[in-house]
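Novice: Sharing a structure, written as C-alpha cells. Questions coming.
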Amino acid sequence: MKPFMRIEHLSKSFGGVKAVNDLSLSLFPNRINAIIGPNGAGKTTLFNLITGFIKPDSGKIFFDDVELTHLPIHAISRMGIKRTLQIKSVFNSMTVYENLWITLSAQQGNLNPFKPIARYPDIQKRVEEVIEQLDLGRFQNTPAGALSYGDVALLEIGMAIITKPKMILFDEPVCGMSPAETEKVVSKITSLAAQTHIVIIEHDMDVVFKMADEIAVLAFGSKLASGTPQEIGSNQQVKEVYFGTDEVDA
Ligand SMILES: Nc1ncnc2c1ncn2[C@@H]1O[C@H](COP(=O)(O)OP(=O)(O)OP(=O)(O)O)[C@@H](O)[C@H]1O
Ligand SMILES: [Mg+2]
C-alpha cells in the first residue's frame, strides 16, 4: 500500500532545542494514525511543519507524492490539509451556523458582507450537512461561546471537515474533556476515517489504544517506534522511554 504522507529526514531546531530531529515517517490510508510521545517530543512542531506554519531546517515532506516542504501555508491548505489546534479556536460571539458558514465562505473567497446568506445556496447546503453529521442541530443558533467544551470540539471538527479536506490533523482533540464528551468526540473522529485521512496527536492512552490503527511514538524529535497498538504496547523500548517501567494495557 502506498503512503499518503511521507516525511524524510525532517529537522527543526529552536535555538539549541532539536524539536524535530531527523524524523522519517510514512502514514498509510484507511486507518487512524496516532502520534504519541512525552511532552516536548516534537508532536505539535511536526504538525506545524506539515501545515507550513513553520519551515524545516532540512528534510522533505510529501503529500500524495507532491512535495510541500517549501509551499506557503495557503497552498498547503488548498491541497486539502486541515488541522485543529491544541487550544480551541472558534469565534465565540458567532453562532454554530455562522462559524461553519464563515469557514466555508472564507475558503471559497466568497466573503461579501453585503450579500445575504440566502444567496449562497451551495454553502447553506454544506453547512446544514455538517450540522447534521455532527448532531449540532439543536445548537445551530447558539453562540459558540455558550457551548459546552465537548460541543465546541464538535464545532471545530465541523469547521475542519466543511471544506472536504483530504487529511485532518487533530492535536489533542479530547484534552480536558469529561469521559462522556471524550466518547462522543472520539466516535465522531473515528467515523470521519471513511472520508478523509486522520492523524491524531493524543496523550490519553486509553483513547489512543482504542481508536488508533497505527501508532508512531516520538521521543526527542525522532521516531522511537511505530506499529499497531498491540506492537507498541509490548515494545520494551517504548515502555522504558515513554511509559517508564509501567505495563501498558493494549
Ligand atoms: N516556537 C517555538 N519556539 C521555541 N521553542 C519551541 C517552539 N515550538 C516548540 N518549541 C520547543 O520544541 C520542543 C517540542 O515542542 P512541541 O510543542 O512540538 O512538543 P509536543 O510533543 O507537542 O509537546 P506537548 O505534548 O507538551 O504538546 C519543546 O522543547 C518546545 O519547547
Ligand atoms: Mg503539543
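Numbering starts fresh at 1 for the residues of each chain in the C-alpha cells, the chains themselves are lettered A, B, ... in the order given, and ligands are numbered from 1 as they appear.
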Using only C-alpha atoms and all ligand atoms, I'd like a table of the residues in chain A that come within 6 Å of ligand 1; for each, show the closest atom pair and its distance in Å rounded to one decimal, ordered by chain and ascending number, as JSON lines.

Specialist:
{"residue": "A:Phe14", "atom": "CA", "partner": "ligand 1", "partner_atom_place_in_ligand_line": "4 (C)", "distance": 4.8}
{"residue": "A:Ala19", "atom": "CA", "partner": "ligand 1", "partner_atom_place_in_ligand_line": "12 (O)", "distance": 4.0}
{"residue": "A:Pro38", "atom": "CA", "partner": "ligand 1", "partner_atom_place_in_ligand_line": "25 (O)", "distance": 5.7}
{"residue": "A:Asn39", "atom": "CA", "partner": "ligand 1", "partner_atom_place_in_ligand_line": "25 (O)", "distance": 3.6}
{"residue": "A:Gly40", "atom": "CA", "partner": "ligand 1", "partner_atom_place_in_ligand_line": "19 (O)", "distance": 3.4}
{"residue": "A:Ala41", "atom": "CA", "partner": "ligand 1", "partner_atom_place_in_ligand_line": "21 (O)", "distance": 3.8}
{"residue": "A:Gly42", "atom": "CA", "partner": "ligand 1", "partner_atom_place_in_ligand_line": "18 (O)", "distance": 3.2}
{"residue": "A:Lys43", "atom": "CA", "partner": "ligand 1", "partner_atom_place_in_ligand_line": "21 (O)", "distance": 3.7}
{"residue": "A:Thr44", "atom": "CA", "partner": "ligand 1", "partner_atom_place_in_ligand_line": "22 (O)", "distance": 3.7}
{"residue": "A:Thr45", "atom": "CA", "partner": "ligand 1", "partner_atom_place_in_ligand_line": "18 (O)", "distance": 3.7}

Novice: Please save C-alpha atoms of the selected residues as an mmCIF file, in the first residue's frame.

Specialist:
data_model
loop_
_atom_site.group_PDB
_atom_site.id
_atom_site.type_symbol
_atom_site.label_atom_id
_atom_site.label_comp_id
_atom_site.auth_asym_id
_atom_site.auth_seq_id
_atom_site.Cartn_x
_atom_site.Cartn_y
_atom_site.Cartn_z
ATOM 1 C CA PHE A 14 14.605 26.333 18.082
ATOM 2 C CA ALA A 19 12.300 19.895 18.375
ATOM 3 C CA PRO A 38 6.065 12.717 26.029
ATOM 4 C CA ASN A 39 5.664 16.488 26.473
ATOM 5 C CA GLY A 40 8.109 18.313 24.242
ATOM 6 C CA ALA A 41 8.681 15.292 21.974
ATOM 7 C CA GLY A 42 8.017 17.427 18.878
ATOM 8 C CA LYS A 43 4.465 16.356 18.010
ATOM 9 C CA THR A 44 2.930 19.811 17.601
ATOM 10 C CA THR A 45 6.069 21.019 15.826
#

Novice: Quick one: everything within 8 Å of stretch 161-178 of chain A, counting only C-alpha atoms, minus sequence neighbours fewer than 2 positions away in the same chain. Send it as a VMD selection string.

Specialist: chain A and resid 44 47 79 to 86 100 103 to 104 107 126 to 127 130 149 to 150 153 157 to 159 180 to 182 185 to 186 195 to 203

Novice: Given the choices A:Thr142, A:Leu134, A:Leu218, A:Ile189, which gets closest to ligand 2 if the distance is worked out from only C-alpha atoms and all ligand atoms?

Specialist: A:Leu218

Novice: As an MDAnalysis selection string, which residues of stretch 69-183 of chain A does DSSP assign to strand (DSSP E)?

Specialist: chainID A and resid 81:84 167:171

Novice: Give the answer as one residue: which of A:His9, A:Ala225, A:Thr51, A:Glu214 has the shortest atom-to-atom distance to A:Asn30, using only C-alpha atoms?

Specialist: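 Answer, going by the shortest atom-to-atom distance: A:Glu214.
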
Novice: What is the atom CA of A:Leu155 to atom CA of A:Val96 distance in Å?

Specialist: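 According to the coordinates, atom CA of A:Leu155 and atom CA of A:Val96 are separated by 6.8 Å.
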
Novice: Mind pulling up the distance from atom CA of A:Val17 to atom CA of A:Leu46?

Specialist: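 Distance reported for this atom pair: 14.1 Å.
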
Novice: Please identify all polymer residues within 6 Å of A:Ser11, counting only C-alpha atoms, omitting same-chain residues fewer than 3 positions from it, and present them as a ChimeraX atom specification.

Specialist: /A:20-22,56-58

Novice: List every residue of stretch 51-231 of chain A that DSSP, applied to the backbone of this structure, assigns to alpha helix (DSSP H), and report them as a ChimeraX atom specification.

Specialist: /A:73-78,96-107,121-133,149-161,179-192,205-211,229-231

Novice: Using only C-alpha atoms, determine which residues lie at most 9 Å from stretch 60-62 of chain A, disregarding the query and same-chain residues fewer than 5 positions distant; provide the list as a list in words.

Specialist: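 Final neighbour list, sorted by chain and number: Phe4, Met5, Arg6, Ile7, Glu8, His9, Leu10, Leu49, Ile50, Glu67, Leu68, Thr69 and His70 of chain A.
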
Novice: Next, dump the selected residues to file, keeping only C-alpha atoms, as an mmCIF file, in the first residue's frame.

Specialist:
data_model
loop_
_atom_site.group_PDB
_atom_site.id
_atom_site.type_symbol
_atom_site.label_atom_id
_atom_site.label_comp_id
_atom_site.auth_asym_id
_atom_site.auth_seq_id
_atom_site.Cartn_x
_atom_site.Cartn_y
_atom_site.Cartn_z
ATOM 1 C CA PHE A 4 -0.388 9.302 1.566
ATOM 2 C CA MET A 5 2.214 11.132 3.589
ATOM 3 C CA ARG A 6 5.974 10.699 3.592
ATOM 4 C CA ILE A 7 8.308 12.568 5.879
ATOM 5 C CA GLU A 8 12.003 12.246 5.122
ATOM 6 C CA HIS A 9 14.825 13.246 7.449
ATOM 7 C CA LEU A 10 12.923 16.238 8.783
ATOM 8 C CA LEU A 49 5.853 21.741 9.734
ATOM 9 C CA ILE A 50 3.315 19.691 7.754
ATOM 10 C CA GLU A 67 6.433 17.771 -2.200
ATOM 11 C CA LEU A 68 5.048 20.506 0.029
ATOM 12 C CA THR A 69 8.144 21.303 2.074
ATOM 13 C CA HIS A 70 8.584 24.772 0.632
#

Novice: What's the separation between atom CA of A:Ile35 and atom CA of A:Ser89, in Å to one decimal place?

Specialist: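 Distance reported for this atom pair: 21.5 Å.
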
Novice: With distances taken over only C-alpha atoms and all ligand atoms, which of A:Pro121, A:Asn48, A:Ser26, A:Asp135 is nearest to ligand 2?

Specialist: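 Among A:Pro121, A:Asn48, A:Ser26, A:Asp135, it is A:Asn48 that comes nearest to ligand 2.
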
Novice: Using only C-alpha atoms, can you tell me which of A:Asp151, A:Gln133, A:Val208, A:Leu23 comes closest to A:Lys184?

Specialist: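 Under the stated criterion, the closest residue is A:Asp151.
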
Novice: Counting only C-alpha atoms and all ligand atoms, which residue out of A:Phe209, A:Ser148, A:Pro143, A:Gly221 sits closest to ligand 2?

Specialist: A:Gly221
